[in-house]
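> mmCIF, C-alpha atoms, file my_file_23.cif:
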data_start
loop_
_atom_site.group_PDB
_atom_site.id
_atom_site.type_symbol
_atom_site.label_atom_id
_atom_site.label_comp_id
_atom_site.auth_asym_id
_atom_site.auth_seq_id
_atom_site.Cartn_x
_atom_site.Cartn_y
_atom_site.Cartn_z
ATOM 1 C CA MET A 1 111.924 98.408 115.260
ATOM 2 C CA ALA A 2 111.742 101.379 117.647
ATOM 3 C CA GLU A 3 114.506 103.178 115.731
ATOM 4 C CA ALA A 4 112.691 102.665 112.421
ATOM 5 C CA GLU A 5 109.477 104.066 113.889
ATOM 6 C CA ALA A 6 111.298 107.082 115.296
ATOM 7 C CA ALA A 7 112.923 107.746 111.924
ATOM 8 C CA ARG A 8 109.520 107.879 110.199
ATOM 9 C CA PHE A 9 108.136 110.501 112.576
ATOM 10 C CA PRO A 10 109.797 113.699 111.218
ATOM 11 C CA ALA A 11 109.292 112.654 107.584
ATOM 12 C CA LEU A 12 105.601 111.970 108.151
ATOM 13 C CA LEU A 13 105.179 115.317 109.897
ATOM 14 C CA ALA A 14 106.878 117.214 107.064
ATOM 15 C CA ARG A 15 104.786 115.529 104.371
ATOM 16 C CA ALA A 16 101.556 116.086 106.299
ATOM 17 C CA ASP A 17 102.384 119.780 106.722
ATOM 18 C CA GLN A 18 103.029 120.041 102.992
ATOM 19 C CA LEU A 19 99.812 118.234 102.073
ATOM 20 C CA ALA A 20 97.732 120.331 104.476
ATOM 21 C CA GLY A 21 99.304 123.447 102.977
ATOM 22 C CA THR A 22 97.948 122.574 99.533
ATOM 23 C CA VAL A 23 94.392 122.808 100.812
ATOM 24 C CA LEU A 24 93.377 126.455 100.817
ATOM 25 C CA LEU A 25 90.777 127.044 103.503
ATOM 26 C CA GLY A 26 89.100 130.157 104.751
ATOM 27 C CA GLU A 27 88.465 130.774 108.411
ATOM 28 C CA HIS A 28 86.893 127.700 109.952
ATOM 29 C CA GLY A 29 83.218 128.199 110.672
ATOM 30 C CA ARG A 30 80.232 125.904 110.724
ATOM 31 C CA ARG A 31 77.629 128.555 109.949
ATOM 32 C CA ARG A 32 75.172 127.883 112.714
ATOM 33 C CA ALA A 33 73.923 130.200 115.394
ATOM 34 C CA GLY A 34 75.355 130.062 118.871
ATOM 35 C CA MET A 35 78.150 131.439 121.010
ATOM 36 C CA GLY A 36 80.978 133.155 119.180
ATOM 37 C CA ASP A 37 82.480 136.476 118.185
ATOM 38 C CA ASP A 38 81.633 136.747 114.493
ATOM 39 C CA PHE A 39 78.392 138.208 113.184
ATOM 40 C CA TRP A 40 76.291 135.770 111.162
ATOM 41 C CA GLN A 41 72.876 137.264 110.454
ATOM 42 C CA TYR A 42 69.959 139.357 111.685
ATOM 43 C CA ARG A 43 66.611 137.672 112.151
ATOM 44 C CA PRO A 44 63.235 138.890 113.452
ATOM 45 C CA VAL A 45 62.557 138.430 117.147
ATOM 46 C CA GLN A 46 60.829 135.153 117.966
ATOM 47 C CA GLN A 47 58.780 134.075 120.964
ATOM 48 C CA GLY A 48 61.149 133.088 123.761
ATOM 49 C CA ASP A 49 63.983 135.466 122.798
ATOM 50 C CA ALA A 50 65.348 137.454 125.734
ATOM 51 C CA LEU A 51 65.341 141.253 125.533
ATOM 52 C CA ARG A 52 69.142 141.319 125.824
ATOM 53 C CA MET A 53 69.346 139.485 122.473
ATOM 54 C CA ILE A 54 67.662 142.319 120.562
ATOM 55 C CA ASP A 55 69.890 144.571 118.456
ATOM 56 C CA TRP A 56 68.221 147.934 119.141
ATOM 57 C CA ARG A 57 70.310 149.877 116.606
ATOM 58 C CA ARG A 58 69.260 147.581 113.735
ATOM 59 C CA SER A 59 65.676 147.422 115.005
ATOM 60 C CA ALA A 60 65.403 151.229 115.071
ATOM 61 C CA ARG A 61 65.682 151.303 111.267
ATOM 62 C CA SER A 62 62.417 149.391 110.784
ATOM 63 C CA ASP A 63 59.149 148.488 112.439
ATOM 64 C CA VAL A 64 60.465 145.011 113.281
ATOM 65 C CA GLN A 65 62.731 144.088 116.165
ATOM 66 C CA TYR A 66 65.803 142.075 115.175
ATOM 67 C CA VAL A 67 68.134 139.672 116.950
ATOM 68 C CA ARG A 68 71.813 139.703 116.026
ATOM 69 C CA GLU A 69 72.990 136.092 115.749
ATOM 70 C CA ARG A 70 76.606 135.096 115.990
ATOM 71 C CA GLU A 71 78.372 132.191 114.348
ATOM 72 C CA TRP A 72 78.851 129.043 116.419
ATOM 73 C CA GLN A 73 82.588 128.643 116.982
ATOM 74 C CA ILE A 74 82.871 126.489 120.070
ATOM 75 C CA ALA A 75 85.743 124.111 119.442
ATOM 76 C CA GLN A 76 84.715 120.482 119.480
ATOM 77 C CA SER A 77 86.752 117.324 119.843
ATOM 78 C CA VAL A 78 87.611 115.059 116.941
ATOM 79 C CA MET A 79 88.733 111.570 117.951
ATOM 80 C CA LEU A 80 90.915 109.514 115.604
ATOM 81 C CA TRP A 81 91.669 105.848 115.145
ATOM 82 C CA VAL A 82 94.242 104.948 112.479
ATOM 83 C CA ASP A 83 94.845 101.269 111.780
ATOM 84 C CA GLY A 84 98.485 100.295 112.304
ATOM 85 C CA ALA A 85 98.034 96.537 111.814
ATOM 86 C CA ALA A 86 100.157 94.406 109.499
ATOM 87 C CA SER A 87 97.540 94.326 106.708
ATOM 88 C CA MET A 88 98.091 98.057 106.262
ATOM 89 C CA ARG A 89 101.764 97.519 105.415
ATOM 90 C CA PHE A 90 100.928 96.309 101.907
ATOM 91 C CA ALA A 91 101.831 97.814 98.551
ATOM 92 C CA SER A 92 101.386 95.819 95.344
ATOM 93 C CA GLU A 93 104.063 97.752 93.432
ATOM 94 C CA PRO A 94 107.327 99.449 94.466
ATOM 95 C CA GLY A 95 106.091 102.825 93.245
ATOM 96 C CA LEU A 96 102.981 102.772 95.428
ATOM 97 C CA PRO A 97 102.854 103.830 99.080
ATOM 98 C CA GLU A 98 101.900 101.283 101.689
ATOM 99 C CA LYS A 99 98.323 101.639 102.844
ATOM 100 C CA SER A 100 99.567 102.550 106.323
ATOM 101 C CA ASP A 101 101.720 105.342 104.929
ATOM 102 C CA ARG A 102 98.796 106.908 103.067
ATOM 103 C CA ALA A 103 96.410 106.413 105.999
ATOM 104 C CA ARG A 104 98.760 108.114 108.438
ATOM 105 C CA LEU A 105 99.516 110.943 106.021
ATOM 106 C CA LEU A 106 95.839 111.721 105.449
ATOM 107 C CA ALA A 107 94.905 111.441 109.122
ATOM 108 C CA LEU A 108 97.730 113.733 110.201
ATOM 109 C CA ALA A 109 97.100 116.294 107.440
ATOM 110 C CA ALA A 110 93.396 116.351 108.367
ATOM 111 C CA SER A 111 94.380 116.824 112.015
ATOM 112 C CA ILE A 112 96.567 119.789 111.093
ATOM 113 C CA LEU A 113 93.658 121.446 109.279
ATOM 114 C CA LEU A 114 91.280 120.783 112.160
ATOM 115 C CA LEU A 115 93.735 122.131 114.724
ATOM 116 C CA ARG A 116 94.302 125.235 112.625
ATOM 117 C CA GLY A 117 90.542 125.719 112.732
ATOM 118 C CA GLY A 118 90.547 125.722 116.519
ATOM 119 C CA GLU A 119 89.385 122.149 117.059
ATOM 120 C CA ARG A 120 90.755 119.738 119.631
ATOM 121 C CA VAL A 121 92.094 116.482 118.200
ATOM 122 C CA GLY A 122 92.992 113.280 120.030
ATOM 123 C CA LEU A 123 93.048 109.498 119.749
ATOM 124 C CA THR A 124 90.376 107.048 120.800
ATOM 125 C CA GLY A 125 91.254 104.634 123.568
ATOM 126 C CA GLY A 126 92.760 107.252 125.861
ATOM 127 C CA ALA A 127 96.274 107.115 124.400
ATOM 128 C CA LEU A 128 96.151 110.824 123.591
ATOM 129 C CA PRO A 129 93.364 113.049 124.989
ATOM 130 C CA PRO A 130 92.088 115.780 122.640
ATOM 131 C CA ARG A 131 94.071 119.004 122.779
ATOM 132 C CA ARG A 132 94.857 122.008 120.604
ATOM 133 C CA GLY A 133 98.161 123.342 119.361
ATOM 134 C CA ARG A 134 101.221 122.419 117.347
ATOM 135 C CA ALA A 135 102.566 120.148 120.065
ATOM 136 C CA GLN A 136 99.505 117.939 119.567
ATOM 137 C CA VAL A 137 100.421 117.489 115.892
ATOM 138 C CA GLU A 138 103.838 116.223 116.910
ATOM 139 C CA ARG A 139 102.331 113.824 119.448
ATOM 140 C CA LEU A 140 99.962 112.474 116.809
ATOM 141 C CA ALA A 141 102.778 111.998 114.292
ATOM 142 C CA ALA A 142 104.841 110.071 116.836
ATOM 143 C CA LEU A 143 101.949 107.745 117.728
ATOM 144 C CA PHE A 144 100.885 107.262 114.115
ATOM 145 C CA SER A 145 104.402 106.075 113.295
ATOM 146 C CA GLN A 146 104.049 103.026 115.544
ATOM 147 C CA ASP A 147 103.173 99.671 113.962
ATOM 148 C CA ALA A 148 100.948 97.032 115.534
ATOM 149 C CA SER A 149 101.686 93.305 115.414
ATOM 150 C CA GLU A 150 98.254 91.816 114.629
ATOM 151 C CA ASP A 151 97.280 90.974 111.051
ATOM 152 C CA TYR A 152 94.115 93.095 111.013
ATOM 153 C CA GLY A 153 93.131 96.072 113.124
ATOM 154 C CA ALA A 154 89.897 96.601 115.031
ATOM 155 C CA PRO A 155 88.519 100.120 115.690
ATOM 156 C CA GLU A 156 89.132 101.392 119.211
ATOM 157 C CA ALA A 157 85.881 102.871 120.470
ATOM 158 C CA ARG A 158 86.877 103.651 124.053
ATOM 159 C CA GLY A 159 87.369 107.233 125.126
ATOM 160 C CA MET A 160 85.063 108.858 122.580
ATOM 161 C CA LEU A 161 83.510 111.945 124.135
ATOM 162 C CA PRO A 162 79.713 112.290 123.900
ATOM 163 C CA HIS A 163 78.588 114.360 120.902
ATOM 164 C CA SER A 164 82.127 114.633 119.558
ATOM 165 C CA ARG A 165 83.179 113.629 116.057
ATOM 166 C CA ALA A 166 85.431 110.774 114.992
ATOM 167 C CA MET A 167 87.547 109.546 112.104
ATOM 168 C CA PHE A 168 88.451 105.883 111.578
ATOM 169 C CA VAL A 169 91.048 105.091 108.891
ATOM 170 C CA SER A 170 91.721 101.477 107.888
ATOM 171 C CA ASP A 171 91.398 98.959 105.068
ATOM 172 C CA PHE A 172 88.515 97.414 107.052
ATOM 173 C CA LEU A 173 89.349 93.963 105.664
ATOM 174 C CA GLY A 174 89.394 92.141 109.013
ATOM 175 C CA ASP A 175 86.540 90.910 111.188
ATOM 176 C CA PHE A 176 83.532 93.154 110.611
ATOM 177 C CA GLU A 177 81.921 92.764 114.040
ATOM 178 C CA PRO A 178 84.361 95.117 115.859
ATOM 179 C CA VAL A 179 83.536 97.784 113.254
ATOM 180 C CA ARG A 180 79.819 97.327 113.832
ATOM 181 C CA ALA A 181 80.291 97.407 117.610
ATOM 182 C CA ALA A 182 82.444 100.554 117.494
ATOM 183 C CA LEU A 183 80.022 102.527 115.318
ATOM 184 C CA THR A 184 77.022 101.372 117.314
ATOM 185 C CA LYS A 185 78.705 102.466 120.542
ATOM 186 C CA ALA A 186 79.627 105.788 118.950
ATOM 187 C CA ALA A 187 76.063 106.384 117.785
ATOM 188 C CA ASP A 188 74.740 105.628 121.264
ATOM 189 C CA ARG A 189 76.978 108.427 122.585
ATOM 190 C CA GLY A 190 75.894 110.887 119.907
ATOM 191 C CA VAL A 191 79.231 110.634 118.073
ATOM 192 C CA ARG A 192 79.193 111.128 114.309
ATOM 193 C CA GLY A 193 82.121 110.639 112.023
ATOM 194 C CA VAL A 194 83.702 109.195 108.913
ATOM 195 C CA LEU A 195 85.205 105.904 107.814
ATOM 196 C CA LEU A 196 88.047 106.233 105.323
ATOM 197 C CA GLN A 197 88.764 102.871 103.710
ATOM 198 C CA VAL A 198 92.280 102.824 102.238
ATOM 199 C CA LEU A 199 92.939 100.094 99.665
ATOM 200 C CA ASP A 200 95.748 99.192 97.307
ATOM 201 C CA PRO A 201 94.560 99.172 93.646
ATOM 202 C CA ALA A 202 95.412 95.456 93.382
ATOM 203 C CA GLU A 203 92.996 94.767 96.233
ATOM 204 C CA GLU A 204 90.178 96.209 94.137
ATOM 205 C CA SER A 205 91.107 94.718 90.746
ATOM 206 C CA PHE A 206 92.681 91.337 91.715
ATOM 207 C CA PRO A 207 95.038 91.203 88.693
ATOM 208 C CA PHE A 208 96.689 87.900 89.668
ATOM 209 C CA ARG A 209 97.059 85.008 87.215
ATOM 210 C CA GLY A 210 98.550 81.523 87.255
ATOM 211 C CA ARG A 211 100.322 80.056 90.268
ATOM 212 C CA ALA A 212 100.327 82.379 93.257
ATOM 213 C CA ILE A 213 100.881 82.270 96.988
ATOM 214 C CA PHE A 214 98.750 84.710 98.945
ATOM 215 C CA GLU A 215 100.216 85.451 102.354
ATOM 216 C CA SER A 216 99.174 87.935 105.016
ATOM 217 C CA VAL A 217 101.711 90.672 105.719
ATOM 218 C CA GLY A 218 102.055 89.365 109.266
ATOM 219 C CA GLY A 219 102.827 85.894 107.938
ATOM 220 C CA THR A 220 100.137 84.058 109.907
ATOM 221 C CA LEU A 221 97.879 83.262 106.923
ATOM 222 C CA ALA A 222 98.833 81.718 103.564
ATOM 223 C CA HIS A 223 97.052 80.184 100.584
ATOM 224 C CA GLU A 224 98.592 78.700 97.448
ATOM 225 C CA THR A 225 96.742 78.245 94.152
ATOM 226 C CA LEU A 226 97.696 77.145 90.652
ATOM 227 C CA LYS A 227 95.001 79.281 89.014
ATOM 228 C CA ALA A 228 94.742 82.604 90.791
ATOM 229 C CA SER A 229 92.323 83.894 88.149
ATOM 230 C CA ASP A 230 89.771 81.320 89.294
ATOM 231 C CA LEU A 231 89.568 83.143 92.635
ATOM 232 C CA ARG A 232 88.946 86.568 91.140
ATOM 233 C CA ASP A 233 85.146 86.550 90.905
ATOM 234 C CA LYS A 234 84.687 85.118 94.396
ATOM 235 C CA TYR A 235 87.162 87.604 95.860
ATOM 236 C CA LEU A 236 85.491 90.585 94.169
ATOM 237 C CA GLU A 237 82.096 89.407 95.402
ATOM 238 C CA ARG A 238 83.382 89.289 98.981
ATOM 239 C CA LEU A 239 84.982 92.724 98.641
ATOM 240 C CA ALA A 240 81.708 94.161 97.304
ATOM 241 C CA ALA A 241 79.853 92.535 100.195
ATOM 242 C CA ARG A 242 82.262 94.095 102.688
ATOM 243 C CA LYS A 243 81.782 97.549 101.171
ATOM 244 C CA ALA A 244 78.010 97.046 101.313
ATOM 245 C CA GLU A 245 78.289 96.129 105.005
ATOM 246 C CA LEU A 246 80.316 99.257 105.686
ATOM 247 C CA SER A 247 77.802 101.407 103.794
ATOM 248 C CA GLN A 248 74.903 99.897 105.705
ATOM 249 C CA ILE A 249 76.378 100.418 109.175
ATOM 250 C CA CYS A 250 77.318 103.999 108.242
ATOM 251 C CA ALA A 251 73.777 104.676 107.034
ATOM 252 C CA THR A 252 72.384 103.238 110.247
ATOM 253 C CA THR A 253 74.660 105.219 112.582
ATOM 254 C CA GLY A 254 74.826 108.511 110.661
ATOM 255 C CA TRP A 255 78.482 108.154 109.641
ATOM 256 C CA GLN A 256 79.987 108.726 106.192
ATOM 257 C CA LEU A 257 82.114 106.305 104.155
ATOM 258 C CA HIS A 258 84.736 106.966 101.507
ATOM 259 C CA THR A 259 87.092 104.532 99.755
ATOM 260 C CA HIS A 260 90.523 105.804 98.748
ATOM 261 C CA ARG A 261 93.033 103.935 96.579
ATOM 262 C CA THR A 262 96.723 104.506 97.186
ATOM 263 C CA ASN A 263 97.315 105.304 93.506
ATOM 264 C CA ALA A 264 94.825 108.182 93.697
ATOM 265 C CA SER A 265 95.416 111.783 94.743
ATOM 266 C CA ALA A 266 96.038 112.258 98.453
ATOM 267 C CA GLN A 267 94.854 115.851 98.131
ATOM 268 C CA SER A 268 91.402 114.857 96.860
ATOM 269 C CA ALA A 269 91.027 112.399 99.743
ATOM 270 C CA LEU A 270 92.048 115.105 102.221
ATOM 271 C CA LEU A 271 89.493 117.524 100.794
ATOM 272 C CA TRP A 272 86.783 114.890 101.234
ATOM 273 C CA LEU A 273 87.927 114.079 104.769
ATOM 274 C CA HIS A 274 88.002 117.670 105.904
ATOM 275 C CA GLY A 275 84.645 118.479 104.364
ATOM 276 C CA ALA A 276 83.026 115.414 105.910
ATOM 277 C CA ILE A 277 84.510 115.706 109.399
ATOM 278 C CA SER A 278 83.791 119.444 109.536
ATOM 279 C CA GLY A 279 80.091 118.740 109.436
ATOM 280 C CA GLY A 280 79.120 118.661 105.799
ATOM 281 C CA ARG A 281 77.812 115.619 103.962
ATOM 282 C CA VAL A 282 80.208 115.010 101.068
ATOM 283 C CA THR A 283 79.462 112.731 98.129
#
Please express what this file holds, its structure, as C-alpha cells.

Amino acid sequence: MAEAEAARFPALLARADQLAGTVLLGEHGRRRAGMGDDFWQYRPVQQGDALRMIDWRRSARSDVQYVREREWQIAQSVMLWVDGAASMRFASEPGLPEKSDRARLLALAASILLLRGGERVGLTGGALPPRRGRAQVERLAALFSQDASEDYGAPEARGMLPHSRAMFVSDFLGDFEPVRAALTKAADRGVRGVLLQVLDPAEESFPFRGRAIFESVGGTLAHETLKASDLRDKYLERLAARKAELSQICATTGWQLHTHRTNASAQSALLWLHGAISGGRVT
C-alpha cells in the first residue's frame, strides 16, 4: 500500500503542473486598497487620512488633494481538506478517473496557482502548516496521495487560521453533520471558502437496471436488488436533498459550492476553483 501511494506522487505532481499551466493568469492581485507595492488608484483626501498619505505631486496639478492607494497584496493562508476515503475511489467506467484522482488533481493544481500568486497553502488539521514555495507543492502531492480506510470522509476543521480561506474537496455523500459542524466552526473564525463536490456521472444519473448489488468501495456496506430501476427515483431524491443541504449551509456560512463530474473538463473546474478561492463569487 505504501509503495503504491509513493508511486502515485510524482505522476500526480506532473499532471497538476500541466493542468495549472493551461490556466493563463496575470499577476495575482485582489484589487483592494492596503499595504503593497503596486499603484492602484488616486482618490480625494477623506477625513481621517494622515498627511503622509497625500501624494503632493499629483495634488499640485489640481485644487484637490489626492491620496495614492496601493493594491492589497498581503499573502493570506488557504487551508485545504481533500477527502481520501474509500468512497472517493469509485469510477463507474474504466475510461473515467476515480473521484479521488480528480479531487487530488484539482486541489493540487489550484494550490500551484495560489502559491505562484504568493499565497501560503497548507492542510487543515495541522498535518501541514501553510507555507510558500515549490517544496510545499511536493509536500501536498505526497500527502494527497495517501488513502484513508473509512468508507466516507468527514471534513477536518481543526487548524484553520482566523480570517483565512479554505477549500474542501469531497463527494460529500457521507454523514452531513460533520460538514455542517466544520463550516459552522469555520464561519465562527471568519474563514470563508469553497466546497467542491466531485461525483461520478453514474452517481448523478443512476443508470442501473435489473439485478444489481450495490457495495461500498470499502466493502462494509452492501445491498442487493432484483429491480435496480425501482430505486432510481428515491436515490435521485436523496441526492437532490443532499445538494440542497450543502447549498443551504454554504449560503448560511458565506461559502461557495460547485459540483464537478469526473467526465467533465478538469480545466473548467480549476478555473472555477481559482476564481472562487481568490475572493470572487463565481456562478
> Determine, counting all atoms listed in the file, which protein, DNA and RNA residues have an atom within 8 Å of an atom of region 178-193 of chain A; residues of the same chain fewer than 2 positions away are not included. Present the result as a ChimeraX atom specification.
/A:154-157,160-168,172,175-176,195,249-250,253-256,276-277
> Starting from the PyMOL selection byres ((chain A and resi 137) around 8), expand the selection into actual residues of this file and give them as a list of chain:residue names.
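When the PyMOL selection byres ((chain A and resi 137) around 8) is applied to the shown file, the picked residues are A:Leu13, A:Leu108, A:Ser111, A:Ile112, A:Gly133, A:Arg134, A:Ala135, A:Gln136, A:Glu138, A:Arg139, A:Leu140, A:Ala141.
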> I need the output of the PyMOL selection byres ((chain A and resi 234-246) around 8) for this file as number ranges by chain; which residues are they?
A: 173, 204-206, 231-233, 247-250, 257
> Have a look at A:Met79, A:Ala269, A:Val67, A:Leu51 and name the one nearest to Gly126 (chain A); count only C-alpha atoms.
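Looking at the shortest contact to Gly126 (chain A), the residue is A:Met79.
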> Which residue out of A:Glu93, A:Glu150, A:Glu119, A:Asp63 has the minimum interatomic distance to Glu203 (chain A) when only C-alpha atoms are used?
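Distance minimum relative to Glu203 (chain A) lands on A:Glu93.
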> Record the distance separating CA of Leu270 (chain A) and CA of Asp17 (chain A), expressed in Å with one decimal.
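We find that CA of Leu270 (chain A) and CA of Asp17 (chain A) lie 12.2 Å from each other.
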> Would you compute an axis-aligned box for region 101-105 of chain A, covering every atom listed for it in the file with 8 Å of margin on each side, and report centre and edge lengths in Å to one decimal as AutoDock Vina command-line options?

--center_x 99.1 --center_y 108.1 --center_z 105.8 --size_x 21.3 --size_y 21.6 --size_z 21.4
> Which value, in Å to one decimal, gives the distance between CA of Val121 (chain A) and CA of Ser77 (chain A)?
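Rounded to one decimal, the two atoms are 5.7 Å apart.
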> Counting only C-alpha atoms, what is within 10 Å of Met53 (chain A), bar same-chain residues fewer than 6 positions away, as a list in words?
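In the requested form, the answer reads Val45, Tyr66, Val67, Arg68 and Glu69 of chain A.
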> Rank A:Ser149, A:Leu114, A:Gln76, A:Ser170 by their smallest atom-to-atom distance to Leu271 (chain A), using all atoms listed in the file, and report the top residue only.
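Distance minimum relative to Leu271 (chain A) lands on A:Leu114.
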> On this file, the PyMOL selection byres ((chain A and resi 197) around 7) gives some set of residues; write that set as a ChimeraX atom specification.
/A:169-172,195-196,198-199,258-260
> Keeping only C-alpha atoms, take the residues you just selected and write them out as an mmCIF file, in the frame of the given file.

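Ended up saving to part_12.cif:
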data_model
loop_
_atom_site.group_PDB
_atom_site.id
_atom_site.type_symbol
_atom_site.label_atom_id
_atom_site.label_comp_id
_atom_site.auth_asym_id
_atom_site.auth_seq_id
_atom_site.Cartn_x
_atom_site.Cartn_y
_atom_site.Cartn_z
ATOM 1 C CA VAL A 169 91.048 105.091 108.891
ATOM 2 C CA SER A 170 91.721 101.477 107.888
ATOM 3 C CA ASP A 171 91.398 98.959 105.068
ATOM 4 C CA PHE A 172 88.515 97.414 107.052
ATOM 5 C CA LEU A 195 85.205 105.904 107.814
ATOM 6 C CA LEU A 196 88.047 106.233 105.323
ATOM 7 C CA VAL A 198 92.280 102.824 102.238
ATOM 8 C CA LEU A 199 92.939 100.094 99.665
ATOM 9 C CA HIS A 258 84.736 106.966 101.507
ATOM 10 C CA THR A 259 87.092 104.532 99.755
ATOM 11 C CA HIS A 260 90.523 105.804 98.748
#
> Nearest residue to Pro94 (chain A) out of A:Asp200, A:Arg132, A:Tyr152, A:Ala110, using all atoms listed in the file?
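Among the listed residues, A:Asp200 lies closest to Pro94 (chain A).
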> At most 10 Å is the cut-off: for each residue in region 49-121 of chain A with any atom that close to an atom of region 9-12 of chain A, write down the nearest atom pair and the distance in Å rounded to one decimal, counting all atoms listed in the file, chain first then increasing number, as CSV.

residue,atom,partner,partner_atom,distance
A:Asp101,CA,A:Leu12,CA,8.3
A:Arg102,CA,A:Leu12,CA,9.9
A:Arg104,CA,A:Leu12,CA,7.9
A:Leu105,CA,A:Leu12,CA,6.5
A:Leu108,CA,A:Leu12,CA,8.3
A:Ala109,CA,A:Leu12,CA,9.6
> Can you tell me how far CA of Gly95 (chain A) sits from CA of Gly275 (chain A), in Å to one decimal?
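Computed distance, CA of Gly95 (chain A) to CA of Gly275 (chain A), equals 28.8 Å.
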> Counting all atoms listed in the file, which of A:Arg89, A:Arg58, A:His274, A:Arg15 gets nearest to Gly153 (chain A)?
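Going through A:Arg89, A:Arg58, A:His274, A:Arg15 one by one, the smallest distance to Gly153 (chain A) is for A:Arg89.
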> For Val82 (chain A), which of A:Ser268, A:Thr22, A:Ser100, A:Thr262 is the closest residue, counting all atoms listed in the file?
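Result for the nearest residue to Val82 (chain A): A:Ser100.
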> List the spatial neighbours of Leu96 (chain A) as a PyMOL selection string - criterion: any atom at most 8 Å away, all atoms listed in the file, same-chain residues fewer than 4 positions off excluded.
chain A and resi 91-92+262-263
